[in-house]
>>> print(open('data_35.cif').read())   # mmCIF, C-alpha atoms
data_query
#
loop_
_atom_site.label_atom_id
_atom_site.label_comp_id
_atom_site.auth_asym_id
_atom_site.auth_seq_id
_atom_site.Cartn_x
_atom_site.Cartn_y
_atom_site.Cartn_z
CA MET A 1 19.69 8.33 -0.59
CA ILE A 2 18.94 5.06 1.17
CA LEU A 3 17.23 3.61 -1.93
CA ALA A 4 19.74 4.84 -4.51
CA GLY A 5 19.75 2.62 -7.59
CA LYS A 6 16.59 0.71 -6.62
CA ILE A 7 13.65 0.20 -8.98
CA ALA A 8 10.15 0.27 -7.48
CA ILE A 9 6.49 -0.06 -8.40
CA VAL A 10 3.86 1.55 -6.19
CA THR A 11 0.20 0.88 -6.95
CA GLY A 12 -2.42 3.46 -6.14
CA ALA A 13 0.33 6.07 -6.41
CA GLY A 14 -1.88 8.86 -7.70
CA SER A 15 -3.04 9.99 -4.27
CA GLY A 16 -2.97 9.42 -0.54
CA ILE A 17 -0.61 6.95 1.08
CA GLY A 18 0.47 5.50 -2.27
CA ARG A 19 1.52 8.87 -3.60
CA ALA A 20 3.36 9.67 -0.36
CA ILE A 21 5.26 6.37 -0.54
CA ALA A 22 6.14 6.67 -4.23
CA SER A 23 7.33 10.25 -3.78
CA ALA A 24 9.38 9.34 -0.71
CA PHE A 25 11.03 6.53 -2.67
CA VAL A 26 12.04 8.97 -5.40
CA ARG A 27 13.46 11.38 -2.83
CA ALA A 28 15.38 8.45 -1.31
CA GLY A 29 17.06 7.80 -4.67
CA ALA A 30 14.86 5.15 -6.27
CA CYS A 31 13.37 5.09 -9.75
CA VAL A 32 9.65 4.58 -9.27
CA ALA A 33 6.72 3.50 -11.43
CA PHE A 34 3.67 5.45 -10.22
CA ALA A 35 0.81 3.08 -11.09
CA ASP A 36 -2.80 4.14 -10.77
CA LEU A 37 -6.13 3.79 -12.53
CA GLN A 38 -6.49 7.58 -12.73
CA GLU A 39 -4.17 9.01 -15.40
CA ALA A 40 -4.66 12.62 -14.33
CA ALA A 41 -3.72 11.80 -10.73
CA VAL A 42 -0.55 10.05 -11.88
CA ARG A 43 0.42 13.01 -14.04
CA ARG A 44 -0.04 15.40 -11.11
CA ALA A 45 1.96 13.21 -8.75
CA VAL A 46 4.89 12.98 -11.17
CA ALA A 47 4.73 16.67 -12.08
CA ASP A 48 4.86 17.67 -8.41
CA LEU A 49 8.24 15.98 -8.08
CA GLY A 50 9.78 18.77 -10.16
CA GLU A 51 13.25 17.97 -11.40
CA LEU A 52 13.12 14.62 -9.63
CA GLY A 53 10.36 13.61 -12.02
CA HIS A 54 12.89 12.10 -14.42
CA ASN A 55 13.13 9.22 -11.91
CA ALA A 56 9.38 8.59 -12.10
CA LEU A 57 7.33 6.67 -14.65
CA GLY A 58 3.57 7.08 -14.79
CA ILE A 59 1.60 3.93 -15.61
CA VAL A 60 -2.17 3.67 -15.94
CA ALA A 61 -3.24 0.25 -14.68
CA ASP A 62 -6.12 -1.52 -12.98
CA ALA A 63 -4.51 -3.65 -10.28
CA THR A 64 -7.51 -5.98 -10.19
CA MET A 65 -6.98 -7.02 -13.82
CA PRO A 66 -4.27 -9.66 -14.48
CA VAL A 67 -3.46 -8.28 -17.95
CA ASP A 68 -2.98 -4.75 -16.62
CA VAL A 69 -0.81 -5.99 -13.77
CA GLN A 70 1.45 -7.98 -16.08
CA ASP A 71 1.72 -5.00 -18.45
CA MET A 72 2.68 -2.80 -15.48
CA VAL A 73 5.46 -5.18 -14.48
CA ASP A 74 6.63 -5.65 -18.07
CA THR A 75 6.65 -1.89 -18.75
CA THR A 76 8.68 -1.17 -15.63
CA THR A 77 11.13 -3.96 -16.36
CA LYS A 78 11.56 -2.84 -19.95
CA HIS A 79 12.11 0.77 -18.86
CA TRP A 80 14.59 0.17 -16.03
CA GLY A 81 15.72 -3.44 -16.42
CA ARG A 82 14.34 -5.00 -13.23
CA ILE A 83 12.09 -4.52 -10.19
CA ASP A 84 13.56 -4.38 -6.69
CA ILE A 85 10.57 -3.12 -4.71
CA LEU A 86 6.82 -3.63 -4.99
CA VAL A 87 4.32 -1.71 -2.86
CA ASN A 88 0.76 -3.01 -3.00
CA ASN A 89 -1.23 0.00 -1.91
CA VAL A 90 -4.45 -0.17 -3.95
CA GLY A 91 -7.54 -0.59 -1.80
CA GLY A 92 -10.84 0.81 -0.62
CA ALA A 93 -14.30 -0.11 0.60
CA ILE A 94 -17.17 -0.53 -1.85
CA GLY A 95 -20.81 -0.77 -0.83
CA GLY A 96 -22.43 -1.01 2.60
CA GLU A 97 -20.88 -1.56 5.99
CA GLY A 98 -22.80 -4.51 7.43
CA LEU A 99 -23.77 -8.04 6.48
CA ASP A 100 -26.48 -6.67 4.22
CA ILE A 101 -23.79 -5.62 1.73
CA ASP A 102 -24.62 -6.54 -1.86
CA GLU A 103 -22.69 -9.60 -3.02
CA SER A 104 -21.24 -7.73 -6.00
CA ALA A 105 -19.94 -5.01 -3.66
CA TRP A 106 -18.39 -7.68 -1.44
CA ASP A 107 -16.64 -9.24 -4.43
CA ALA A 108 -15.46 -5.85 -5.67
CA THR A 109 -13.98 -4.94 -2.27
CA ILE A 110 -12.19 -8.28 -1.93
CA SER A 111 -10.85 -7.90 -5.47
CA LEU A 112 -9.64 -4.35 -4.89
CA CYS A 113 -8.05 -4.90 -1.49
CA LEU A 114 -6.83 -8.51 -1.61
CA LYS A 115 -6.86 -10.01 -5.09
CA SER A 116 -4.96 -7.01 -6.45
CA GLN A 117 -2.12 -7.66 -4.03
CA PHE A 118 -1.97 -11.33 -4.97
CA LEU A 119 -1.90 -10.48 -8.68
CA CYS A 120 0.92 -7.97 -8.24
CA CYS A 121 2.97 -10.34 -6.07
CA ARG A 122 2.50 -13.11 -8.61
CA ALA A 123 3.61 -10.90 -11.50
CA ALA A 124 6.64 -9.37 -9.76
CA ALA A 125 7.92 -12.51 -8.04
CA PRO A 126 9.54 -14.28 -11.04
CA GLY A 127 11.96 -11.43 -11.71
CA MET A 128 12.77 -11.05 -8.03
CA ARG A 129 13.38 -14.79 -7.70
CA GLU A 130 15.69 -14.72 -10.70
CA GLN A 131 17.78 -11.91 -9.24
CA ARG A 132 17.47 -13.47 -5.75
CA SER A 133 16.49 -10.23 -4.08
CA GLY A 134 13.45 -8.05 -3.62
CA ARG A 135 11.19 -6.18 -1.24
CA ILE A 136 7.40 -6.50 -1.22
CA ILE A 137 5.37 -4.19 1.01
CA ASN A 138 1.63 -4.73 1.37
CA ILE A 139 -0.60 -1.99 2.74
CA ALA A 140 -3.05 -3.57 5.16
CA SER A 141 -5.14 -1.76 7.78
CA ASN A 142 -5.83 -1.48 11.47
CA ALA A 143 -9.25 -2.87 10.52
CA GLY A 144 -7.63 -6.10 9.34
CA ARG A 145 -5.96 -6.86 12.67
CA TYR A 146 -8.51 -5.56 15.17
CA ARG A 147 -11.53 -3.78 13.68
CA SER A 148 -12.23 -0.37 12.30
CA ASN A 149 -11.43 2.22 14.97
CA THR A 150 -14.11 4.50 13.53
CA GLY A 151 -16.73 2.02 12.38
CA VAL A 152 -16.52 3.50 8.88
CA SER A 153 -14.70 0.54 7.34
CA SER A 154 -17.03 -2.18 6.09
CA ILE A 155 -17.02 -5.85 7.02
CA ALA A 156 -15.84 -6.66 3.51
CA TYR A 157 -12.94 -4.20 3.81
CA SER A 158 -11.91 -5.56 7.20
CA ALA A 159 -12.08 -9.15 5.94
CA ALA A 160 -10.00 -8.28 2.86
CA LYS A 161 -7.36 -6.49 4.91
CA GLY A 162 -7.25 -9.43 7.30
CA GLY A 163 -6.51 -11.54 4.23
CA VAL A 164 -3.64 -9.20 3.35
CA LEU A 165 -1.99 -10.00 6.69
CA GLN A 166 -2.09 -13.73 5.93
CA LEU A 167 -1.03 -13.17 2.31
CA THR A 168 1.98 -11.31 3.70
CA ARG A 169 2.98 -14.07 6.10
CA SER A 170 2.48 -16.87 3.59
CA THR A 171 4.25 -15.07 0.73
CA ALA A 172 7.16 -14.24 3.03
CA HIS A 173 7.54 -17.95 3.77
CA VAL A 174 7.49 -18.90 0.08
CA LEU A 175 9.83 -16.17 -1.16
CA GLY A 176 12.26 -15.96 1.74
CA PRO A 177 14.67 -18.58 0.32
CA TYR A 178 15.15 -16.31 -2.71
CA GLY A 179 16.27 -13.33 -0.67
CA ILE A 180 12.89 -11.60 -0.98
CA THR A 181 11.26 -10.02 2.06
CA VAL A 182 7.52 -9.48 2.34
CA ASN A 183 6.07 -7.21 5.01
CA ALA A 184 2.92 -5.20 5.66
CA ILE A 185 2.04 -1.80 7.06
CA ALA A 186 -1.33 -1.54 8.83
CA PRO A 187 -2.29 2.13 9.14
CA GLY A 188 -4.85 3.47 11.56
CA SER A 189 -6.43 6.88 10.94
CA VAL A 190 -4.46 8.72 8.25
CA LEU A 191 -5.19 12.21 6.92
CA SER A 192 -5.06 11.22 3.28
CA GLU A 193 -7.67 12.49 0.86
CA LEU A 194 -9.87 9.52 1.74
CA GLY A 195 -9.20 9.88 5.46
CA LEU A 196 -10.14 13.54 5.39
CA ARG A 197 -13.39 12.76 3.56
CA GLU A 198 -14.23 10.15 6.21
CA LEU A 199 -13.66 12.68 8.97
CA GLU A 200 -15.92 15.18 7.21
CA VAL A 201 -18.88 12.80 7.15
CA MET A 202 -18.16 11.23 10.52
CA PRO A 203 -20.15 12.47 13.53
CA GLU A 204 -17.96 14.95 15.41
CA ARG A 205 -18.27 13.05 18.67
CA LEU A 206 -17.05 9.87 16.99
CA GLY A 207 -13.95 11.60 15.62
CA GLU A 208 -13.23 13.08 19.03
CA ARG A 209 -13.64 9.67 20.66
CA VAL A 210 -11.20 7.99 18.26
CA LEU A 211 -8.68 10.77 18.82
CA ARG A 212 -8.98 10.35 22.61
CA GLU A 213 -8.37 6.62 22.19
CA THR A 214 -5.20 7.26 20.18
CA PRO A 215 -2.42 7.62 22.77
CA ILE A 216 -0.08 9.50 20.46
CA GLY A 217 -2.72 12.22 20.24
CA TYR A 218 -3.17 12.92 16.53
CA PHE A 219 -4.09 11.31 13.23
CA ALA A 220 -1.17 10.43 10.94
CA ASP A 221 0.04 12.29 7.91
CA PRO A 222 0.58 10.03 4.85
CA SER A 223 4.29 10.84 5.05
CA GLU A 224 4.46 8.90 8.32
CA MET A 225 3.38 5.75 6.48
CA ALA A 226 5.89 6.54 3.72
CA SER A 227 8.82 6.66 6.13
CA ILE A 228 7.97 3.14 7.32
CA ALA A 229 7.84 1.94 3.72
CA VAL A 230 11.25 3.47 2.99
CA PHE A 231 12.71 1.54 5.94
CA LEU A 232 11.11 -1.76 4.86
CA ALA A 233 12.34 -1.24 1.29
CA SER A 234 15.90 -0.54 2.38
CA ASP A 235 18.83 -2.76 3.26
CA ASP A 236 18.32 -1.71 6.90
CA ALA A 237 15.31 -4.06 7.00
CA SER A 238 17.15 -7.03 5.48
CA TYR A 239 16.18 -9.42 8.32
CA VAL A 240 12.56 -8.30 8.65
CA THR A 241 10.03 -10.44 6.80
CA GLY A 242 6.52 -11.73 7.39
CA ALA A 243 5.94 -8.83 9.76
CA THR A 244 3.11 -6.33 10.02
CA ILE A 245 3.92 -2.90 11.40
CA MET A 246 0.86 -1.48 13.18
CA ALA A 247 1.01 2.25 12.50
CA ASN A 248 -2.11 3.39 14.35
CA GLY A 249 -0.77 5.77 16.99
CA GLY A 250 -1.26 3.15 19.70
CA TRP A 251 -5.03 2.89 19.24
CA CYS A 252 -4.96 -0.86 19.92
CA THR A 253 -3.41 -0.34 23.37
CA THR A 254 -6.46 1.37 24.81
#
>>> encode(input="data_35.cif", output="structure tokens")
Amino acid sequence: MILAGKIAIVTGAGSGIGRAIASAFVRAGACVAFADLQEAAVRRAVADLGELGHNALGIVADATMPVDVQDMVDTTTKHWGRIDILVNNVGGAIGGEGLDIDESAWDATISLCLKSQFLCCRAAAPGMREQRSGRIINIASNAGRYRSNTGVSSIAYSAAKGGVLQLTRSTAHVLGPYGITVNAIAPGSVLSELGLRELEVMPERLGERVLRETPIGYFADPSEMASIAVFLASDDASYVTGATIMANGGWCTT
């Protein structure tokens, strides 16, 4: 119960990596707000916790909208009294892959992957500063540090996730004096719902090539990202801040 007594918000918690992280937090003893735009997905995620569901709060919110984000923070604070942990997981690619992407799709991708994380940090930070403690974990991507290892991720997505890395470093510098750590996880290929759909449409030879280039020899389960998040959210990571953990099975070493 490494997170016993902690209060957390996880965005994009209705599915994939976000759901895995939020559920792992609950199992580690935390009370968790499962925030997602899809109400049905949130309900399923909370219901699947069984008797542990009493430590979960479902919140429908659009993380790209400042009003929704502030309501999410206010609702969680009103329900449990404070926020100790924030996980910014919302993200995704919208539109084409190359430079011919429509400008509106570019803006939407930047908003979803980068602006959402800024908005959530901005809303959660005052309470964390007041209590002089907190953990913020941003979900970045292998594509933000190197490039997409499959070529599926768009230029807009890669640029946004690169911005998340700098947002993490800069926010860590600003909030460190208040006892708040800010770190990022940059996943490679993960067998989430989205990851599985990408593999389905990806040419078989491309998937085989990426797997060969991954020294650890397999694509990650979302739970493997969740275990990293649990560590970063815990007291065991008290002196880790401004860091990005590359969780890509060693793809970048080849």
>>> atom_distance(input="data_35.cif", atom1="CA of Glu213 (chain A)", atom2="CA of Ala229 (chain A)")
25.0 Å
>>> closest_residue(input="data_35.cif", among="A:Ile7, A:Ile185, A:Ile85, A:Ile17", to="Leu57 (chain A)", atoms="all atoms listed in the file")
A:Ile7
>>> closest_residue(input="data_35.cif", among="A:Gly179, A:Ala125, A:Arg212, A:Ala160", to="Ile94 (chain A)", atoms="all atoms listed in the file")
A:Ala160
>>> residues_around(input="data_35.cif", residues="His173 (chain A)", least_positions_apart="6", cutoff="9 Å", atoms="all atoms listed in the file", output="VMD selection string")
chain A and resid 181 to 182 241 to 242
>>> resolve_selection(input="data_35.cif", expression="the PyMOL selection byres ((chain A and resi 21) around 12)", output="VMD selection string")
chain A and resid 8 to 20 22 to 28 30 32 to 35 45 85 to 89 137 to 139 185 221 to 233
>>> resolve_selection(input="data_35.cif", expression="the PyMOL selection byres ((chain A and resi 190) around 6)", output="PyMOL selection string")
chain A and resi 189+191-192+195+219-221
>>> residues_around(input="data_35.cif", residues="Leu165 (chain A)", least_positions_apart="3", cutoff="7 Å", atoms="only C-alpha atoms", output="MDAnalysis selection string")
chainID A and resid 140 161:162 168:169 184
>>> axis_aligned_box(input="data_35.cif", around="region 219-222 of chain A", padding_each_side="4 Å", output="AutoDock Vina command-line options")
--center_x -1.8 --center_y 11.2 --center_z 9.0 --size_x 12.7 --size_y 10.3 --size_z 16.4
>>> closest_residue(input="data_35.cif", among="A:Val73, A:Met128, A:Gln38, A:Cys31", to="His54 (chain A)", atoms="all atoms listed in the file")
A:Cys31
>>> closest_residue(input="data_35.cif", among="A:Arg135, A:His79, A:Arg43, A:Arg145", to="Ser234 (chain A)", atoms="all atoms listed in the file")
A:Arg135
>>> closest_residue(input="data_35.cif", among="A:Asn248, A:Ser133, A:Ser141, A:Thr214", to="Gly176 (chain A)", atoms="all atoms listed in the file")
A:Ser133
>>> atom_distance(input="data_35.cif", atom1="CA of Ala123 (chain A)", atom2="CA of Gln70 (chain A)")
5.8 Å
>>> resolve_selection(input="data_35.cif", expression="the PyMOL selection byres ((chain A and resi 108-113) around 12)", output="count of residues only")
51
>>> atom_distance(input="data_35.cif", atom1="CA of Leu194 (chain A)", atom2="CA of Leu3 (chain A)")
28.0 Å
>>> build_atoms(input="data_35.cif", residues="region 240-253 of chain A", atoms="N, CA and C atoms", output="PDB file, in the frame of the given file")
ATOM      1  N   VAL A 240      13.969  -8.442   8.268  1.00  0.00           N
ATOM      2  CA  VAL A 240      12.560  -8.300   8.650  1.00  0.00           C
ATOM      3  C   VAL A 240      11.706  -8.849   7.529  1.00  0.00           C
ATOM      4  N   THR A 241      10.948  -9.900   7.814  1.00  0.00           N
ATOM      5  CA  THR A 241      10.030 -10.440   6.800  1.00  0.00           C
ATOM      6  C   THR A 241       8.872 -11.148   7.486  1.00  0.00           C
ATOM      7  N   GLY A 242       7.732 -11.146   6.825  1.00  0.00           N
ATOM      8  CA  GLY A 242       6.520 -11.730   7.390  1.00  0.00           C
ATOM      9  C   GLY A 242       5.918 -10.903   8.499  1.00  0.00           C
ATOM     10  N   ALA A 243       6.383  -9.677   8.649  1.00  0.00           N
ATOM     11  CA  ALA A 243       5.940  -8.830   9.760  1.00  0.00           C
ATOM     12  C   ALA A 243       4.886  -7.830   9.303  1.00  0.00           C
ATOM     13  N   THR A 244       4.055  -7.416  10.238  1.00  0.00           N
ATOM     14  CA  THR A 244       3.110  -6.330  10.020  1.00  0.00           C
ATOM     15  C   THR A 244       3.399  -5.235  11.032  1.00  0.00           C
ATOM     16  N   ILE A 245       3.688  -4.051  10.534  1.00  0.00           N
ATOM     17  CA  ILE A 245       3.920  -2.900  11.400  1.00  0.00           C
ATOM     18  C   ILE A 245       2.577  -2.180  11.602  1.00  0.00           C
ATOM     19  N   MET A 246       2.098  -2.169  12.849  1.00  0.00           N
ATOM     20  CA  MET A 246       0.860  -1.480  13.180  1.00  0.00           C
ATOM     21  C   MET A 246       1.173  -0.003  13.378  1.00  0.00           C
ATOM     22  N   ALA A 247       0.731   0.816  12.450  1.00  0.00           N
ATOM     23  CA  ALA A 247       1.010   2.250  12.500  1.00  0.00           C
ATOM     24  C   ALA A 247      -0.299   2.990  12.778  1.00  0.00           C
ATOM     25  N   ASN A 248      -0.794   2.847  14.007  1.00  0.00           N
ATOM     26  CA  ASN A 248      -2.110   3.390  14.350  1.00  0.00           C
ATOM     27  C   ASN A 248      -2.060   4.316  15.561  1.00  0.00           C
ATOM     28  N   GLY A 249      -0.880   4.831  15.882  1.00  0.00           N
ATOM     29  CA  GLY A 249      -0.770   5.770  16.990  1.00  0.00           C
ATOM     30  C   GLY A 249      -1.043   5.166  18.351  1.00  0.00           C
ATOM     31  N   GLY A 250      -1.019   3.823  18.425  1.00  0.00           N
ATOM     32  CA  GLY A 250      -1.260   3.150  19.700  1.00  0.00           C
ATOM     33  C   GLY A 250      -2.718   2.892  20.004  1.00  0.00           C
ATOM     34  N   TRP A 251      -3.585   3.065  18.990  1.00  0.00           N
ATOM     35  CA  TRP A 251      -5.030   2.890  19.240  1.00  0.00           C
ATOM     36  C   TRP A 251      -5.353   1.541  19.871  1.00  0.00           C
ATOM     37  N   CYS A 252      -4.653   0.489  19.464  1.00  0.00           N
ATOM     38  CA  CYS A 252      -4.960  -0.860  19.920  1.00  0.00           C
ATOM     39  C   CYS A 252      -4.580  -1.082  21.381  1.00  0.00           C
ATOM     40  N   THR A 253      -3.850  -0.143  21.992  1.00  0.00           N
ATOM     41  CA  THR A 253      -3.410  -0.340  23.370  1.00  0.00           C
ATOM     42  C   THR A 253      -4.445   0.134  24.377  1.00  0.00           C
TER      43      THR A 253
END
